>>> print(open('query-v3.cif').read())   # mmCIF, C-alpha atoms
data_structure
loop_
_atom_site.group_PDB
_atom_site.id
_atom_site.type_symbol
_atom_site.label_atom_id
_atom_site.label_comp_id
_atom_site.auth_asym_id
_atom_site.auth_seq_id
_atom_site.Cartn_x
_atom_site.Cartn_y
_atom_site.Cartn_z
ATOM 1 C CA MET X 1 62.512 12.475 -13.531
ATOM 2 C CA THR X 2 60.356 15.148 -11.971
ATOM 3 C CA ALA X 3 61.326 16.288 -8.511
ATOM 4 C CA ARG X 4 59.858 18.412 -5.817
ATOM 5 C CA GLU X 5 61.453 19.710 -2.664
ATOM 6 C CA VAL X 6 60.016 18.164 0.452
ATOM 7 C CA ASP X 7 60.614 18.663 4.151
ATOM 8 C CA PHE X 8 61.617 15.102 4.998
ATOM 9 C CA ASP X 9 63.842 14.097 7.921
ATOM 10 C CA HIS X 10 64.202 10.355 8.549
ATOM 11 C CA HIS X 11 65.939 11.095 11.866
ATOM 12 C CA SER X 12 63.070 13.112 13.336
ATOM 13 C CA PRO X 13 60.796 11.805 16.113
ATOM 14 C CA GLU X 14 57.803 12.730 13.893
ATOM 15 C CA PHE X 15 59.031 10.362 11.208
ATOM 16 C CA ARG X 16 59.745 7.621 13.716
ATOM 17 C CA GLU X 17 56.168 7.795 14.994
ATOM 18 C CA ASN X 18 54.435 8.196 11.628
ATOM 19 C CA ASN X 19 56.810 6.619 9.120
ATOM 20 C CA TYR X 20 54.201 4.596 7.208
ATOM 21 C CA ALA X 21 51.820 7.550 6.861
ATOM 22 C CA ILE X 22 54.661 9.856 5.772
ATOM 23 C CA TYR X 23 55.931 7.293 3.247
ATOM 24 C CA LYS X 24 52.406 6.826 1.923
ATOM 25 C CA GLU X 25 51.922 10.537 1.377
ATOM 26 C CA LEU X 26 55.296 10.948 -0.324
ATOM 27 C CA ARG X 27 54.660 7.906 -2.501
ATOM 28 C CA SER X 28 51.279 9.144 -3.669
ATOM 29 C CA LYS X 29 52.348 12.742 -4.261
ATOM 30 C CA CYS X 30 56.002 12.585 -5.219
ATOM 31 C CA PRO X 31 57.810 9.233 -5.209
ATOM 32 C CA VAL X 32 61.091 10.880 -6.253
ATOM 33 C CA ALA X 33 61.616 13.930 -4.067
ATOM 34 C CA TYR X 34 64.454 16.102 -2.825
ATOM 35 C CA SER X 35 64.811 16.909 0.851
ATOM 36 C CA THR X 36 66.759 19.960 1.956
ATOM 37 C CA ARG X 37 67.560 18.471 5.361
ATOM 38 C CA HIS X 38 71.063 17.249 6.279
ATOM 39 C CA GLY X 39 72.630 19.185 3.408
ATOM 40 C CA GLY X 40 70.148 17.864 0.833
ATOM 41 C CA PHE X 41 69.387 14.367 -0.386
ATOM 42 C CA TRP X 42 67.083 12.432 -2.720
ATOM 43 C CA VAL X 43 64.192 10.414 -1.310
ATOM 44 C CA MET X 44 62.666 7.579 -3.330
ATOM 45 C CA THR X 45 59.601 6.020 -1.814
ATOM 46 C CA ASP X 46 58.066 3.724 -4.427
ATOM 47 C CA TYR X 47 59.243 0.250 -5.400
ATOM 48 C CA GLU X 48 59.730 1.082 -9.074
ATOM 49 C CA SER X 49 62.058 4.054 -8.474
ATOM 50 C CA VAL X 50 64.088 2.242 -5.846
ATOM 51 C CA PHE X 51 64.377 -0.923 -7.940
ATOM 52 C CA GLU X 52 65.446 1.090 -10.995
ATOM 53 C CA ALA X 53 67.916 3.163 -8.987
ATOM 54 C CA THR X 54 69.659 0.104 -7.564
ATOM 55 C CA ARG X 55 70.415 -0.981 -11.147
ATOM 56 C CA ASN X 56 71.777 2.374 -12.225
ATOM 57 C CA GLU X 57 75.339 2.990 -11.123
ATOM 58 C CA GLY X 58 75.049 6.674 -11.903
ATOM 59 C CA VAL X 59 72.177 7.016 -9.437
ATOM 60 C CA PHE X 60 72.918 4.451 -6.735
ATOM 61 C CA ARG X 61 76.265 5.321 -5.197
ATOM 62 C CA SER X 62 77.487 3.938 -1.868
ATOM 63 C CA TYR X 63 81.036 5.341 -1.736
ATOM 64 C CA PRO X 64 82.347 7.162 0.283
ATOM 65 C CA THR X 65 79.313 6.972 2.574
ATOM 66 C CA VAL X 66 75.720 5.723 2.658
ATOM 67 C CA GLY X 67 74.873 7.899 5.631
ATOM 68 C CA VAL X 68 72.534 10.900 5.521
ATOM 69 C CA PRO X 69 74.106 12.900 7.080
ATOM 70 C CA ALA X 70 77.452 11.575 5.822
ATOM 71 C CA SER X 71 79.506 9.385 8.101
ATOM 72 C CA THR X 72 82.273 11.268 9.895
ATOM 73 C CA LEU X 73 84.658 8.314 9.765
ATOM 74 C CA SER X 74 87.791 8.826 7.729
ATOM 75 C CA TYR X 75 87.308 5.500 5.913
ATOM 76 C CA PRO X 76 84.353 3.768 4.188
ATOM 77 C CA ILE X 77 82.520 1.020 6.071
ATOM 78 C CA LEU X 78 82.997 -2.054 3.886
ATOM 79 C CA PRO X 79 81.412 -3.786 2.094
ATOM 80 C CA ILE X 80 78.389 -1.507 2.069
ATOM 81 C CA GLU X 81 80.224 1.764 1.406
ATOM 82 C CA SER X 82 81.705 0.652 -1.894
ATOM 83 C CA ASP X 83 80.744 0.794 -5.572
ATOM 84 C CA SER X 84 81.459 -1.457 -8.518
ATOM 85 C CA PRO X 85 83.960 -3.008 -9.204
ATOM 86 C CA LEU X 86 85.093 -3.157 -5.545
ATOM 87 C CA THR X 87 81.646 -4.299 -4.349
ATOM 88 C CA GLY X 88 81.806 -7.343 -6.647
ATOM 89 C CA LYS X 89 85.312 -8.250 -5.484
ATOM 90 C CA LEU X 90 84.302 -8.008 -1.832
ATOM 91 C CA ARG X 91 81.160 -10.080 -2.390
ATOM 92 C CA ALA X 92 83.114 -12.778 -4.218
ATOM 93 C CA ILE X 93 85.218 -13.178 -1.071
ATOM 94 C CA THR X 94 82.367 -13.057 1.421
ATOM 95 C CA LEU X 95 79.394 -14.733 -0.312
ATOM 96 C CA ARG X 96 80.633 -18.274 0.369
ATOM 97 C CA LYS X 97 80.857 -17.532 4.094
ATOM 98 C CA PHE X 98 77.259 -16.316 4.118
ATOM 99 C CA SER X 99 75.676 -18.891 1.767
ATOM 100 C CA PRO X 100 72.599 -20.936 2.765
ATOM 101 C CA ALA X 101 74.919 -23.938 3.321
ATOM 102 C CA ALA X 102 77.245 -21.872 5.523
ATOM 103 C CA ALA X 103 74.248 -20.689 7.547
ATOM 104 C CA ASP X 104 73.133 -24.316 7.962
ATOM 105 C CA ARG X 105 76.591 -25.271 9.236
ATOM 106 C CA LEU X 106 76.328 -22.556 11.890
ATOM 107 C CA GLU X 107 72.918 -23.707 13.103
ATOM 108 C CA PRO X 108 74.278 -26.010 15.870
ATOM 109 C CA ALA X 109 76.366 -23.093 17.184
ATOM 110 C CA ALA X 110 73.320 -20.809 17.159
ATOM 111 C CA ARG X 111 71.297 -23.449 18.994
ATOM 112 C CA GLU X 112 74.036 -23.927 21.594
ATOM 113 C CA ILE X 113 74.287 -20.175 22.221
ATOM 114 C CA ALA X 114 70.477 -19.829 22.361
ATOM 115 C CA THR X 115 70.291 -22.650 24.937
ATOM 116 C CA GLU X 116 72.972 -20.999 27.058
ATOM 117 C CA LEU X 117 71.392 -17.532 26.855
ATOM 118 C CA ILE X 118 67.908 -18.840 27.726
ATOM 119 C CA ASP X 119 69.384 -20.910 30.580
ATOM 120 C CA ALA X 120 70.638 -17.662 32.091
ATOM 121 C CA PHE X 121 67.096 -16.291 32.597
ATOM 122 C CA ILE X 122 64.637 -19.212 32.371
ATOM 123 C CA GLU X 123 64.512 -19.830 36.144
ATOM 124 C CA ARG X 124 63.727 -16.134 36.727
ATOM 125 C CA GLY X 125 60.354 -16.160 34.937
ATOM 126 C CA HIS X 126 60.984 -12.865 33.169
ATOM 127 C CA CYS X 127 63.603 -11.251 30.963
ATOM 128 C CA ASP X 128 64.304 -8.598 28.393
ATOM 129 C CA ILE X 129 64.265 -10.807 25.319
ATOM 130 C CA VAL X 130 66.067 -8.217 23.157
ATOM 131 C CA GLN X 131 68.898 -7.534 25.598
ATOM 132 C CA GLU X 132 69.262 -11.139 26.765
ATOM 133 C CA LEU X 133 68.660 -13.196 23.600
ATOM 134 C CA THR X 134 68.158 -11.484 20.244
ATOM 135 C CA THR X 135 71.026 -8.987 20.605
ATOM 136 C CA PRO X 136 73.776 -11.232 22.048
ATOM 137 C CA LEU X 137 73.110 -14.251 19.795
ATOM 138 C CA PRO X 138 73.953 -12.648 16.412
ATOM 139 C CA ALA X 139 76.855 -10.751 18.015
ATOM 140 C CA ARG X 140 78.348 -13.959 19.386
ATOM 141 C CA ILE X 141 77.856 -15.863 16.106
ATOM 142 C CA ILE X 142 79.761 -13.174 14.196
ATOM 143 C CA LEU X 143 82.581 -13.159 16.764
ATOM 144 C CA ARG X 144 82.734 -16.958 16.558
ATOM 145 C CA MET X 145 82.921 -16.799 12.727
ATOM 146 C CA LEU X 146 85.789 -14.317 13.033
ATOM 147 C CA GLY X 147 87.583 -16.407 15.636
ATOM 148 C CA LEU X 148 87.391 -13.640 18.234
ATOM 149 C CA ASP X 149 86.535 -13.809 21.933
ATOM 150 C CA GLU X 150 82.752 -14.038 21.866
ATOM 151 C CA GLU X 151 82.385 -13.020 25.496
ATOM 152 C CA LYS X 152 83.384 -9.530 24.389
ATOM 153 C CA TYR X 153 80.165 -8.956 22.443
ATOM 154 C CA ARG X 154 79.043 -6.087 24.664
ATOM 155 C CA ALA X 155 79.963 -2.596 23.496
ATOM 156 C CA THR X 156 80.969 -1.511 26.991
ATOM 157 C CA MET C 1 61.598 -8.706 6.665
ATOM 158 C CA SER C 2 63.241 -7.035 3.697
ATOM 159 C CA PHE C 3 66.824 -7.631 2.637
ATOM 160 C CA GLY C 4 66.902 -5.232 -0.300
ATOM 161 C CA VAL C 5 67.769 -5.749 -3.971
ATOM 162 C CA GLY C 6 70.762 -5.248 -6.224
ATOM 163 C CA VAL C 7 74.508 -5.482 -5.692
ATOM 164 C CA HIS C 8 74.277 -4.517 -2.039
ATOM 165 C CA ARG C 9 71.491 -6.966 -1.174
ATOM 166 C CA CYS C 10 71.909 -7.983 2.457
ATOM 167 C CA LEU C 11 74.949 -10.228 2.744
ATOM 168 C CA GLY C 12 73.772 -11.721 6.025
ATOM 169 C CA SER C 13 70.224 -12.679 5.014
ATOM 170 C CA ASN C 14 70.794 -16.466 5.128
ATOM 171 C CA LEU C 15 72.463 -16.149 8.504
ATOM 172 C CA ALA C 16 69.693 -13.849 9.754
ATOM 173 C CA ARG C 17 66.960 -16.289 8.694
ATOM 174 C CA MET C 18 68.751 -19.211 10.342
ATOM 175 C CA MET C 19 69.281 -17.322 13.618
ATOM 176 C CA PHE C 20 65.696 -16.071 13.601
ATOM 177 C CA ARG C 21 64.411 -19.630 13.052
ATOM 178 C CA VAL C 22 66.567 -20.977 15.889
ATOM 179 C CA MET C 23 65.507 -18.236 18.306
ATOM 180 C CA ILE C 24 61.792 -18.580 17.466
ATOM 181 C CA ASN C 25 62.004 -22.368 17.911
ATOM 182 C CA GLU C 26 63.849 -22.086 21.217
ATOM 183 C CA VAL C 27 61.473 -19.456 22.582
ATOM 184 C CA LEU C 28 58.369 -21.439 21.573
ATOM 185 C CA ASP C 29 59.832 -24.667 22.998
ATOM 186 C CA ARG C 30 61.059 -23.261 26.282
ATOM 187 C CA LEU C 31 58.892 -20.198 27.017
ATOM 188 C CA PRO C 32 55.617 -21.245 25.338
ATOM 189 C CA ASP C 33 53.382 -19.063 27.529
ATOM 190 C CA TYR C 34 55.446 -15.882 27.290
ATOM 191 C CA GLU C 35 53.618 -12.557 27.339
ATOM 192 C CA LEU C 36 54.519 -8.909 27.241
ATOM 193 C CA ALA C 37 55.559 -7.617 30.692
ATOM 194 C CA GLY C 38 55.875 -3.895 30.074
ATOM 195 C CA THR C 39 56.197 -1.366 27.304
ATOM 196 C CA PRO C 40 58.672 -2.171 24.528
ATOM 197 C CA GLU C 41 61.216 0.601 24.069
ATOM 198 C CA ARG C 42 62.333 1.647 20.603
ATOM 199 C CA PHE C 43 65.726 3.060 19.698
ATOM 200 C CA GLU C 44 65.654 6.871 19.688
ATOM 201 C CA ASP C 45 66.822 7.059 16.119
ATOM 202 C CA ALA C 46 65.727 3.988 14.165
ATOM 203 C CA ALA C 47 62.862 5.191 12.057
ATOM 204 C CA GLU C 48 63.528 3.166 8.917
ATOM 205 C CA VAL C 49 63.081 -0.076 10.852
ATOM 206 C CA TYR C 50 60.808 -0.900 13.765
ATOM 207 C CA ALA C 51 63.701 -1.627 16.117
ATOM 208 C CA VAL C 52 63.099 -2.208 19.808
ATOM 209 C CA CYS C 53 66.006 -2.012 22.263
ATOM 210 C CA LYS C 54 64.003 -3.307 25.220
ATOM 211 C CA LEU C 55 61.254 -5.946 25.115
ATOM 212 C CA PRO C 56 60.323 -7.203 28.600
ATOM 213 C CA ILE C 57 58.453 -10.516 28.755
ATOM 214 C CA ARG C 58 57.267 -12.872 31.517
ATOM 215 C CA PHE C 59 56.700 -16.625 31.391
ATOM 216 C CA THR C 60 56.433 -19.661 33.643
ATOM 217 C CA PRO C 61 59.912 -20.356 35.055
ATOM 218 C CA ALA C 62 61.489 -23.623 33.915
ATOM 219 C CA LYS C 63 64.684 -25.626 34.405
ATOM 220 C CA ARG C 64 67.999 -24.901 32.770
ATOM 221 C CA LEU C 65 69.082 -27.367 30.083
ATOM 222 C CA GLY C 66 72.815 -26.883 29.814
ATOM 223 C CA THR C 67 75.708 -27.573 32.103
ATOM 224 C CA ALA C 68 77.368 -24.202 31.577
#
>>> encode(input="query-v3.cif", output="structure tokens")
Amino acid sequence: MTAREVDFDHHSPEFRENNYAIYKELRSKCPVAYSTRHGGFWVMTDYESVFEATRNEGVFRSYPTVGVPASTLSYPILPIESDSPLTGKLRAITLRKFSPAAADRLEPAAREIATELIDAFIERGHCDIVQELTTPLPARIILRMLGLDEEKYRAT
Amino acid sequence: MSFGVGVHRCLGSNLARMMFRVMINEVLDRLPDYELAGTPERFEDAAEVYAVCKLPIRFTPAKRLGTA
């Protein structure tokens, strides 16, 4: 593995505006690079390196945090911030609840919520489709799956 | 849309596809002539994904379907 230090910050406005161009340059010049930002981290930008890394437990670590910079929480966010064997145990519990069949069973609920959300703005002739449909629908489905009060989907 | 590979492949991908299908169907059925009604606003810090937090649209008003 050859590495080169690069000045790469995925949180910068420059990256947000030019992410594809920046990825393209990194990929062509140095698909496995090391950024000194946020305390230092590795950046892999080509399919082959990323695919290989995900299969190498020594390289692809998710515990205690996947954040760059590191999460400031005092506990890992599960299941993503875990490594084998815990990841496998957690997936064994959750996979059934998120299977294609489970998704199909939730389709009537999604349709009912979509109908209700669209009803709330359809007479108006305009809306913010992200705030009024595509954000609340997944939030309410998850709350419904958990058996929690789905009217409390808003953060505030 | 990409859901990743390996042991941490997106757990919610089946759910995401189902919800996306439902929302696309509902929008196309009920707001078929929708168009952009302003500038979409992206999250300040969401560079890895093209994530908009505001997407204003306009369309011909129509009747409510539900009783709620």
>>> interface_residues(input="query-v3.cif", of="chain C", to="chain X", cutoff="9 Å", atoms="all atoms listed in the file", output="NGL selection string")
:C and (5-8 or 11-20 or 22-23 or 26-27 or 30-31 or 34 or 37 or 44-50 or 52-68)
>>> atom_distance(input="query-v3.cif", atom1="atom CA of X:Asp149", atom2="atom CA of X:Ala92")
26.4 Å
>>> atom_distance(input="query-v3.cif", atom1="atom CA of X:Glu25", atom2="atom CA of X:Phe8")
11.3 Å
>>> atom_distance(input="query-v3.cif", atom1="atom CA of X:Tyr63", atom2="atom CA of X:Leu78")
9.5 Å
>>> axis_aligned_box(input="query-v3.cif", around="stretch 38-51 of chain C", padding_each_side="3 Å", output="AutoDock Vina command-line options")
--center_x 61.3 --center_y 1.6 --center_z 19.5 --size_x 16.9 --size_y 17.0 --size_z 27.2
>>> resolve_selection(input="query-v3.cif", expression="the PyMOL selection byres ((chain X and resi 34-39) around 12)", output="list in words")
Met1, Thr2, Ala3, Arg4, Glu5, Val6, Asp7, Phe8, Asp9, His10, His11, Ser12, Leu26, Cys30, Pro31, Val32, Ala33, Gly40, Phe41, Trp42, Val43, Met44, Thr45, Gly67, Val68, Pro69, Ala70 and Ser71 of chain X
